[in-house]
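Shown here: query_21.tsv, TSV, N, CA and C atoms.
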```tsv
chain	number	residue	atom	x	y	z
A	1	ARG	N	-16.06	32.98	-71.75
A	1	ARG	CA	-15.30	32.18	-70.81
A	1	ARG	C	-14.39	33.03	-69.95
A	2	LEU	N	-14.06	34.23	-70.36
A	2	LEU	CA	-13.17	35.06	-69.55
A	2	LEU	C	-13.94	35.73	-68.44
A	3	VAL	N	-13.47	35.51	-67.22
A	3	VAL	CA	-14.11	36.08	-66.04
A	3	VAL	C	-13.56	37.48	-65.78
A	4	VAL	N	-12.25	37.62	-65.89
A	4	VAL	CA	-11.56	38.89	-65.65
A	4	VAL	C	-10.48	39.02	-66.71
A	5	GLU	N	-10.33	40.23	-67.21
A	5	GLU	CA	-9.28	40.51	-68.19
A	5	GLU	C	-8.69	41.88	-67.87
A	6	THR	N	-7.36	41.97	-67.85
A	6	THR	CA	-6.72	43.24	-67.52
A	6	THR	C	-5.40	43.35	-68.28
A	7	GLU	N	-4.89	44.58	-68.36
A	7	GLU	CA	-3.59	44.82	-69.00
A	7	GLU	C	-2.63	45.43	-68.00
A	8	ARG	N	-1.40	44.92	-68.02
A	8	ARG	CA	-0.32	45.46	-67.21
A	8	ARG	C	0.99	45.22	-67.95
A	9	TYR	N	1.91	46.14	-67.83
A	9	TYR	CA	3.24	46.02	-68.44
A	9	TYR	C	3.17	45.76	-69.94
A	10	GLY	N	2.11	46.21	-70.59
A	10	GLY	CA	1.97	45.97	-72.01
A	10	GLY	C	1.51	44.56	-72.35
A	11	ASN	N	1.11	43.80	-71.35
A	11	ASN	CA	0.62	42.44	-71.56
A	11	ASN	C	-0.85	42.37	-71.15
A	12	ARG	N	-1.56	41.42	-71.72
A	12	ARG	CA	-2.95	41.18	-71.36
A	12	ARG	C	-3.03	39.90	-70.53
A	13	TYR	N	-3.73	39.99	-69.40
A	13	TYR	CA	-3.90	38.85	-68.50
A	13	TYR	C	-5.39	38.53	-68.39
A	14	ALA	N	-5.71	37.24	-68.33
A	14	ALA	CA	-7.12	36.86	-68.25
A	14	ALA	C	-7.28	35.64	-67.34
A	15	VAL	N	-8.45	35.56	-66.74
A	15	VAL	CA	-8.83	34.41	-65.92
A	15	VAL	C	-9.95	33.69	-66.66
A	16	ASP	N	-9.74	32.43	-66.93
A	16	ASP	CA	-10.67	31.61	-67.71
A	16	ASP	C	-11.59	30.83	-66.78
A	17	ARG	N	-12.88	30.99	-66.95
A	17	ARG	CA	-13.87	30.31	-66.10
A	17	ARG	C	-13.75	28.79	-66.23
A	18	HIS	N	-13.49	28.30	-67.43
A	18	HIS	CA	-13.37	26.86	-67.66
A	18	HIS	C	-12.22	26.28	-66.82
A	19	ASP	N	-11.10	27.00	-66.74
A	19	ASP	CA	-9.96	26.52	-65.95
A	19	ASP	C	-10.32	26.43	-64.47
A	20	ILE	N	-11.03	27.44	-63.96
A	20	ILE	CA	-11.45	27.41	-62.55
A	20	ILE	C	-12.39	26.25	-62.30
A	21	ASP	N	-13.38	26.07	-63.18
A	21	ASP	CA	-14.33	24.97	-63.03
A	21	ASP	C	-13.63	23.62	-63.05
A	22	GLU	N	-12.68	23.47	-63.97
A	22	GLU	CA	-11.95	22.20	-64.08
A	22	GLU	C	-11.18	21.89	-62.79
A	23	LEU	N	-10.56	22.90	-62.23
A	23	LEU	CA	-9.82	22.70	-60.98
A	23	LEU	C	-10.75	22.31	-59.83
A	24	THR	N	-11.83	23.05	-59.66
A	24	THR	CA	-12.72	22.77	-58.53
A	24	THR	C	-13.43	21.43	-58.69
A	25	GLU	N	-13.77	21.08	-59.92
A	25	GLU	CA	-14.44	19.80	-60.15
A	25	GLU	C	-13.54	18.62	-59.84
A	26	THR	N	-12.23	18.80	-59.90
A	26	THR	CA	-11.30	17.72	-59.59
A	26	THR	C	-10.73	17.83	-58.18
A	27	GLY	N	-11.34	18.70	-57.36
A	27	GLY	CA	-10.95	18.80	-55.95
A	27	GLY	C	-9.74	19.67	-55.69
A	28	HIS	N	-9.33	20.45	-56.66
A	28	HIS	CA	-8.18	21.34	-56.48
A	28	HIS	C	-8.64	22.75	-56.14
A	29	VAL	N	-7.73	23.51	-55.56
A	29	VAL	CA	-8.00	24.89	-55.18
A	29	VAL	C	-7.42	25.80	-56.26
A	30	PRO	N	-8.26	26.59	-56.93
A	30	PRO	CA	-7.72	27.50	-57.94
A	30	PRO	C	-6.97	28.65	-57.29
A	31	VAL	N	-5.86	29.03	-57.90
A	31	VAL	CA	-5.08	30.18	-57.45
A	31	VAL	C	-5.08	31.18	-58.60
A	32	VAL	N	-5.52	32.39	-58.30
A	32	VAL	CA	-5.67	33.41	-59.34
A	32	VAL	C	-4.93	34.66	-58.89
A	33	HIS	N	-4.13	35.22	-59.79
A	33	HIS	CA	-3.44	36.48	-59.52
A	33	HIS	C	-4.32	37.61	-60.01
A	34	ILE	N	-4.68	38.51	-59.10
A	34	ILE	CA	-5.52	39.67	-59.43
A	34	ILE	C	-4.76	40.91	-59.00
A	35	GLY	N	-4.71	41.93	-59.85
A	35	GLY	CA	-3.90	43.11	-59.57
A	35	GLY	C	-4.64	44.34	-59.10
A	36	ASN	N	-5.98	44.28	-58.98
A	36	ASN	CA	-6.70	45.45	-58.49
A	36	ASN	C	-8.03	45.03	-57.86
A	37	LEU	N	-8.60	45.93	-57.07
A	37	LEU	CA	-9.81	45.61	-56.32
A	37	LEU	C	-11.03	45.41	-57.23
A	38	ALA	N	-11.12	46.18	-58.32
A	38	ALA	CA	-12.26	46.01	-59.23
A	38	ALA	C	-12.27	44.61	-59.83
A	39	ASP	N	-11.11	44.11	-60.25
A	39	ASP	CA	-11.04	42.76	-60.81
A	39	ASP	C	-11.33	41.71	-59.75
A	40	LEU	N	-10.91	41.95	-58.51
A	40	LEU	CA	-11.20	41.02	-57.42
A	40	LEU	C	-12.71	40.94	-57.20
A	41	ALA	N	-13.37	42.08	-57.18
A	41	ALA	CA	-14.83	42.10	-57.02
A	41	ALA	C	-15.51	41.41	-58.20
A	42	GLU	N	-15.00	41.64	-59.41
A	42	GLU	CA	-15.57	41.01	-60.61
A	42	GLU	C	-15.41	39.49	-60.54
A	43	LEU	N	-14.26	39.02	-60.12
A	43	LEU	CA	-14.03	37.57	-59.98
A	43	LEU	C	-15.00	36.98	-58.97
A	44	ARG	N	-15.11	37.62	-57.81
A	44	ARG	CA	-16.00	37.10	-56.77
A	44	ARG	C	-17.45	37.06	-57.22
A	45	ALA	N	-17.88	38.06	-57.99
A	45	ALA	CA	-19.26	38.10	-58.48
A	45	ALA	C	-19.50	37.04	-59.55
A	46	ALA	N	-18.53	36.84	-60.42
A	46	ALA	CA	-18.69	35.93	-61.55
A	46	ALA	C	-18.52	34.46	-61.16
A	47	VAL	N	-17.70	34.21	-60.16
A	47	VAL	CA	-17.41	32.83	-59.75
A	47	VAL	C	-17.72	32.72	-58.25
A	48	PRO	N	-18.92	32.27	-57.91
A	48	PRO	CA	-19.35	32.26	-56.51
A	48	PRO	C	-18.74	31.13	-55.67
A	49	LEU	N	-17.42	31.24	-55.45
A	49	LEU	CA	-16.74	30.30	-54.57
A	49	LEU	C	-16.45	31.02	-53.25
A	50	ASP	N	-16.07	30.28	-52.25
A	50	ASP	CA	-15.66	30.87	-50.98
A	50	ASP	C	-14.18	31.23	-51.09
A	51	TRP	N	-13.90	32.33	-51.82
A	51	TRP	CA	-12.53	32.74	-52.11
A	51	TRP	C	-11.80	33.17	-50.86
A	52	THR	N	-10.52	32.85	-50.79
A	52	THR	CA	-9.61	33.37	-49.78
A	52	THR	C	-8.72	34.37	-50.50
A	53	SER	N	-8.76	35.63	-50.06
A	53	SER	CA	-7.98	36.68	-50.72
A	53	SER	C	-6.72	36.96	-49.92
A	54	VAL	N	-5.60	36.91	-50.62
A	54	VAL	CA	-4.29	37.14	-50.00
A	54	VAL	C	-3.60	38.28	-50.73
A	55	CYS	N	-3.12	39.24	-49.97
A	55	CYS	CA	-2.35	40.34	-50.53
A	55	CYS	C	-0.87	40.08	-50.23
A	56	LEU	N	-0.09	39.89	-51.28
A	56	LEU	CA	1.36	39.77	-51.13
A	56	LEU	C	1.94	41.15	-51.42
A	57	TRP	N	2.55	41.76	-50.42
A	57	TRP	CA	2.94	43.16	-50.51
A	57	TRP	C	4.42	43.36	-50.23
A	58	ILE	N	5.01	44.31	-50.93
A	58	ILE	CA	6.38	44.75	-50.65
A	58	ILE	C	6.43	46.26	-50.78
A	59	PRO	N	7.34	46.89	-50.06
A	59	PRO	CA	7.53	48.33	-50.25
A	59	PRO	C	8.00	48.62	-51.68
A	60	ARG	N	7.72	49.81	-52.14
A	60	ARG	CA	8.07	50.21	-53.50
A	60	ARG	C	9.57	50.05	-53.76
A	61	GLU	N	10.39	50.43	-52.80
A	61	GLU	CA	11.84	50.35	-52.96
A	61	GLU	C	12.29	48.90	-53.16
A	62	VAL	N	11.67	47.99	-52.43
A	62	VAL	CA	12.02	46.58	-52.55
A	62	VAL	C	11.54	46.04	-53.90
A	63	CYS	N	10.39	46.49	-54.34
A	63	CYS	CA	9.89	46.10	-55.67
A	63	CYS	C	10.90	46.50	-56.74
A	64	ALA	N	11.39	47.74	-56.65
A	64	ALA	CA	12.37	48.23	-57.63
A	64	ALA	C	13.66	47.41	-57.56
A	65	GLU	N	14.12	47.15	-56.36
A	65	GLU	CA	15.36	46.39	-56.17
A	65	GLU	C	15.24	44.97	-56.73
A	66	ARG	N	14.14	44.30	-56.44
A	66	ARG	CA	13.93	42.94	-56.93
A	66	ARG	C	13.84	42.92	-58.45
A	67	SER	N	13.13	43.89	-59.00
A	67	SER	CA	13.00	43.96	-60.45
A	67	SER	C	14.35	44.15	-61.12
A	68	GLN	N	15.15	45.03	-60.57
A	68	GLN	CA	16.48	45.27	-61.13
A	68	GLN	C	17.38	44.05	-61.00
A	69	ARG	N	17.32	43.36	-59.84
A	69	ARG	CA	18.13	42.16	-59.64
A	69	ARG	C	17.76	41.05	-60.62
A	70	ARG	N	16.46	40.98	-60.97
A	70	ARG	CA	16.02	39.97	-61.95
A	70	ARG	C	16.44	40.34	-63.36
A	71	GLY	N	16.81	41.60	-63.55
A	71	GLY	CA	17.18	42.05	-64.88
A	71	GLY	C	15.99	42.44	-65.72
A	72	ASP	N	14.86	42.77	-65.07
A	72	ASP	CA	13.68	43.18	-65.82
A	72	ASP	C	14.00	44.41	-66.67
A	73	VAL	N	13.54	44.40	-67.89
A	73	VAL	CA	13.73	45.57	-68.76
A	73	VAL	C	12.58	46.57	-68.59
A	74	ASP	N	11.55	46.16	-67.85
A	74	ASP	CA	10.36	47.00	-67.69
A	74	ASP	C	10.16	47.48	-66.25
A	75	THR	N	11.25	47.69	-65.52
A	75	THR	CA	11.14	48.13	-64.13
A	75	THR	C	10.29	49.40	-63.98
A	76	PRO	N	10.45	50.42	-64.83
A	76	PRO	CA	9.57	51.60	-64.67
A	76	PRO	C	8.08	51.26	-64.78
A	77	ALA	N	7.73	50.36	-65.68
A	77	ALA	CA	6.32	49.96	-65.82
A	77	ALA	C	5.86	49.20	-64.59
A	78	ARG	N	6.72	48.38	-64.04
A	78	ARG	CA	6.37	47.64	-62.83
A	78	ARG	C	6.17	48.59	-61.65
A	79	LEU	N	6.97	49.64	-61.58
A	79	LEU	CA	6.80	50.61	-60.51
A	79	LEU	C	5.53	51.44	-60.71
A	80	ARG	N	5.17	51.72	-61.95
A	80	ARG	CA	3.89	52.40	-62.21
A	80	ARG	C	2.74	51.50	-61.75
A	81	ALA	N	2.84	50.20	-62.02
A	81	ALA	CA	1.81	49.26	-61.57
A	81	ALA	C	1.77	49.22	-60.04
A	82	TRP	N	2.94	49.28	-59.39
A	82	TRP	CA	2.97	49.33	-57.92
A	82	TRP	C	2.22	50.56	-57.44
A	83	ASP	N	2.51	51.72	-58.05
A	83	ASP	CA	1.84	52.97	-57.67
A	83	ASP	C	0.33	52.87	-57.87
A	84	GLU	N	-0.09	52.31	-59.00
A	84	GLU	CA	-1.52	52.15	-59.27
A	84	GLU	C	-2.18	51.24	-58.24
A	85	THR	N	-1.51	50.16	-57.89
A	85	THR	CA	-2.05	49.22	-56.91
A	85	THR	C	-2.14	49.88	-55.54
A	86	ASP	N	-1.10	50.60	-55.15
A	86	ASP	CA	-1.11	51.30	-53.87
A	86	ASP	C	-2.28	52.28	-53.81
A	87	ALA	N	-2.47	53.07	-54.86
A	87	ALA	CA	-3.58	54.03	-54.90
A	87	ALA	C	-4.93	53.30	-54.85
A	88	ASP	N	-5.03	52.18	-55.58
A	88	ASP	CA	-6.26	51.40	-55.59
A	88	ASP	C	-6.60	50.90	-54.18
A	89	LEU	N	-5.59	50.38	-53.48
A	89	LEU	CA	-5.82	49.88	-52.12
A	89	LEU	C	-6.21	51.01	-51.17
A	90	ARG	N	-5.57	52.15	-51.31
A	90	ARG	CA	-5.92	53.30	-50.46
A	90	ARG	C	-7.34	53.77	-50.72
A	91	ARG	N	-7.75	53.81	-51.99
A	91	ARG	CA	-9.14	54.18	-52.32
A	91	ARG	C	-10.11	53.16	-51.72
A	92	GLY	N	-9.76	51.89	-51.83
A	92	GLY	CA	-10.61	50.83	-51.27
A	92	GLY	C	-10.77	50.97	-49.78
A	93	GLU	N	-9.70	51.29	-49.09
A	93	GLU	CA	-9.76	51.49	-47.64
A	93	GLU	C	-10.65	52.67	-47.29
A	94	SER	N	-10.51	53.77	-48.02
A	94	SER	CA	-11.27	54.97	-47.68
A	94	SER	C	-12.75	54.83	-48.05
A	95	GLN	N	-13.05	54.06	-49.10
A	95	GLN	CA	-14.44	53.91	-49.53
A	95	GLN	C	-15.22	52.90	-48.71
A	96	LYS	N	-14.56	51.84	-48.30
A	96	LYS	CA	-15.29	50.76	-47.64
A	96	LYS	C	-14.83	50.50	-46.21
A	97	GLY	N	-13.79	51.18	-45.78
A	97	GLY	CA	-13.33	51.01	-44.41
A	97	GLY	C	-12.31	49.89	-44.22
A	98	ALA	N	-12.21	48.97	-45.18
A	98	ALA	CA	-11.25	47.88	-45.03
A	98	ALA	C	-10.93	47.29	-46.40
A	99	VAL	N	-9.72	46.82	-46.55
A	99	VAL	CA	-9.32	46.14	-47.77
A	99	VAL	C	-9.77	44.68	-47.65
A	100	PRO	N	-10.33	44.11	-48.70
A	100	PRO	CA	-10.96	42.79	-48.61
A	100	PRO	C	-9.99	41.61	-48.68
A	101	PHE	N	-9.07	41.53	-47.73
A	101	PHE	CA	-8.12	40.42	-47.74
A	101	PHE	C	-8.25	39.62	-46.46
A	102	ASP	N	-8.16	38.31	-46.62
A	102	ASP	CA	-8.16	37.42	-45.47
A	102	ASP	C	-6.78	37.38	-44.83
A	103	LEU	N	-5.76	37.69	-45.64
A	103	LEU	CA	-4.38	37.63	-45.17
A	103	LEU	C	-3.56	38.63	-45.96
A	104	VAL	N	-2.69	39.35	-45.27
A	104	VAL	CA	-1.73	40.25	-45.91
A	104	VAL	C	-0.34	39.79	-45.48
A	105	VAL	N	0.53	39.54	-46.45
A	105	VAL	CA	1.90	39.10	-46.16
A	105	VAL	C	2.86	40.12	-46.76
A	106	HIS	N	3.72	40.66	-45.94
A	106	HIS	CA	4.77	41.55	-46.41
A	106	HIS	C	5.95	40.66	-46.78
A	107	THR	N	6.11	40.44	-48.08
A	107	THR	CA	7.07	39.43	-48.53
A	107	THR	C	8.52	39.83	-48.30
A	108	ASP	N	8.77	41.09	-47.98
A	108	ASP	CA	10.13	41.49	-47.62
A	108	ASP	C	10.44	41.11	-46.18
A	109	GLN	N	9.44	40.65	-45.44
A	109	GLN	CA	9.63	40.28	-44.04
A	109	GLN	C	9.29	38.82	-43.78
A	110	ALA	N	9.09	38.05	-44.83
A	110	ALA	CA	8.68	36.66	-44.66
A	110	ALA	C	9.43	35.76	-45.64
A	111	GLU	N	9.75	34.59	-45.18
A	111	GLU	CA	10.38	33.59	-46.03
A	111	GLU	C	9.32	32.94	-46.93
A	112	PRO	N	9.68	32.56	-48.14
A	112	PRO	CA	8.69	31.95	-49.05
A	112	PRO	C	7.97	30.74	-48.45
A	113	ALA	N	8.68	29.86	-47.78
A	113	ALA	CA	8.04	28.67	-47.21
A	113	ALA	C	7.04	29.06	-46.12
A	114	ASP	N	7.37	30.06	-45.32
A	114	ASP	CA	6.45	30.53	-44.28
A	114	ASP	C	5.23	31.19	-44.92
A	115	THR	N	5.45	31.94	-45.98
A	115	THR	CA	4.35	32.57	-46.69
A	115	THR	C	3.40	31.52	-47.24
A	116	ALA	N	3.93	30.49	-47.86
A	116	ALA	CA	3.10	29.41	-48.40
A	116	ALA	C	2.31	28.74	-47.29
A	117	ARG	N	2.94	28.47	-46.17
A	117	ARG	CA	2.25	27.84	-45.03
A	117	ARG	C	1.11	28.71	-44.54
A	118	ARG	N	1.35	30.01	-44.42
A	118	ARG	CA	0.31	30.94	-43.95
A	118	ARG	C	-0.87	30.99	-44.92
A	119	ILE	N	-0.58	30.95	-46.21
A	119	ILE	CA	-1.65	30.97	-47.21
A	119	ILE	C	-2.47	29.69	-47.11
A	120	ILE	N	-1.81	28.55	-47.02
A	120	ILE	CA	-2.52	27.28	-46.90
A	120	ILE	C	-3.41	27.28	-45.67
A	121	GLU	N	-2.90	27.79	-44.56
A	121	GLU	CA	-3.68	27.86	-43.33
A	121	GLU	C	-4.88	28.80	-43.46
A	122	ALA	N	-4.75	29.83	-44.27
A	122	ALA	CA	-5.83	30.80	-44.43
A	122	ALA	C	-6.94	30.32	-45.35
A	123	ILE	N	-6.66	29.33	-46.18
A	123	ILE	CA	-7.66	28.86	-47.15
A	123	ILE	C	-8.84	28.24	-46.39
A	124	LYS	N	-10.01	28.68	-46.80
A	124	LYS	CA	-11.25	28.17	-46.19
A	124	LYS	C	-11.72	26.96	-46.98
A	125	LEU	N	-11.37	25.79	-46.51
A	125	LEU	CA	-11.79	24.57	-47.24
A	125	LEU	C	-13.13	24.07	-46.77
```
Before anything else, please render the file you have as structure tokens.
Amino acid sequence: RLVVETERYGNRYAVDRHDIDELTETGHVPVVHIGNLADLAELRAAVPLDWTSVCLWIPREVCAERSQRRGDVDTPARLRAWDETDADLRRGESQKGAVPFDLVVHTDQAEPADTARRIIEAIKL
């Protein structure tokens, strides 16, 4: 049943195929958080929907600041994940010429409500 499984910050994250099927069968749009390009490709291959891919991005410094303001005890791990994601995106750009996103939002430059509106508009229904 697991479509994608990954580890970050000492936690294991998984996407359940049954949950996606249940959402689509009831007319809802599944929202899945994916942290790297390999898992995104795996999701797209395993679940043949017309996915809309959105990259929510912040500069590393802002990531650190937000993590500290929240009181995260794992800020160094979160910054390592940021570094890994940045490297993954750069490799993806150099290997294929483009990162596979329908929309990129720099969340340090956008209000949450505007970001939500842009994502809704980008969804291919």
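Among A:Asn36, A:Glu121, A:Leu43, A:Arg78, the residue with the shortest atom-to-atom distance to Arg90 (chain A), counting only C-alpha atoms, is A:Asn36.
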Query - Who sits within 8 Å of Arg60 (chain A), all atoms listed in the file, same chain under 5 positions skipped, as a ChimeraX atom specification - result: /A:65-66,79,82-83
Query raised in the report: Where in chain A does DSSP assign alpha helix (DSSP H), given as a PyMOL selection string?
Result: chain A and resi 17-25+37-46+60-70+75-96+112-122
Query raised in the report: What is the distance, in Å and to one decimal place, between CA of Phe101 (chain A) and atom C of Ala77 (chain A)?
Result: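 Distance between the two atoms: 23.6 Å.
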Requested in this report: Go through chain A and collect every residue that DSSP, computed from the backbone, puts in strand (DSSP E or B); the answer should be as a count of residues only.
Outcome: 21
**Report entry** Atomic distance CA of Glu111 (chain A) - CA of Pro59 (chain A), expressed in Å with one decimal
**Finding:**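 Computing it gives 15.6 Å between the two atoms.
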Query raised in the report: Which distance in Å separates atom C of Glu84 (chain A) and atom N of Ile119 (chain A), to one decimal?
Result: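 It comes out at 23.6 Å.
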Report task. Write out as number ranges by chain the residues lying within 6 Å of Asp16 (chain A), counting only N, CA and C atoms and excluding same-chain residues fewer than 4 positions away. Result -> A: 1-4, 20
May I have the residues from that selection written out with N, CA and C atoms, as a PDB file, keeping the file's coordinate frame?
```pdb
ATOM      1  N   ARG A   1     -16.060  32.980 -71.750  1.00  0.00           N
ATOM      2  CA  ARG A   1     -15.300  32.180 -70.810  1.00  0.00           C
ATOM      3  C   ARG A   1     -14.390  33.030 -69.950  1.00  0.00           C
ATOM      4  N   LEU A   2     -14.060  34.230 -70.360  1.00  0.00           N
ATOM      5  CA  LEU A   2     -13.170  35.060 -69.550  1.00  0.00           C
ATOM      6  C   LEU A   2     -13.940  35.730 -68.440  1.00  0.00           C
ATOM      7  N   VAL A   3     -13.470  35.510 -67.220  1.00  0.00           N
ATOM      8  CA  VAL A   3     -14.110  36.080 -66.040  1.00  0.00           C
ATOM      9  C   VAL A   3     -13.560  37.480 -65.780  1.00  0.00           C
ATOM     10  N   VAL A   4     -12.250  37.620 -65.890  1.00  0.00           N
ATOM     11  CA  VAL A   4     -11.560  38.890 -65.650  1.00  0.00           C
ATOM     12  C   VAL A   4     -10.480  39.020 -66.710  1.00  0.00           C
ATOM     13  N   ILE A  20     -11.030  27.440 -63.960  1.00  0.00           N
ATOM     14  CA  ILE A  20     -11.450  27.410 -62.550  1.00  0.00           C
ATOM     15  C   ILE A  20     -12.390  26.250 -62.300  1.00  0.00           C
TER      16      ILE A  20
END
```
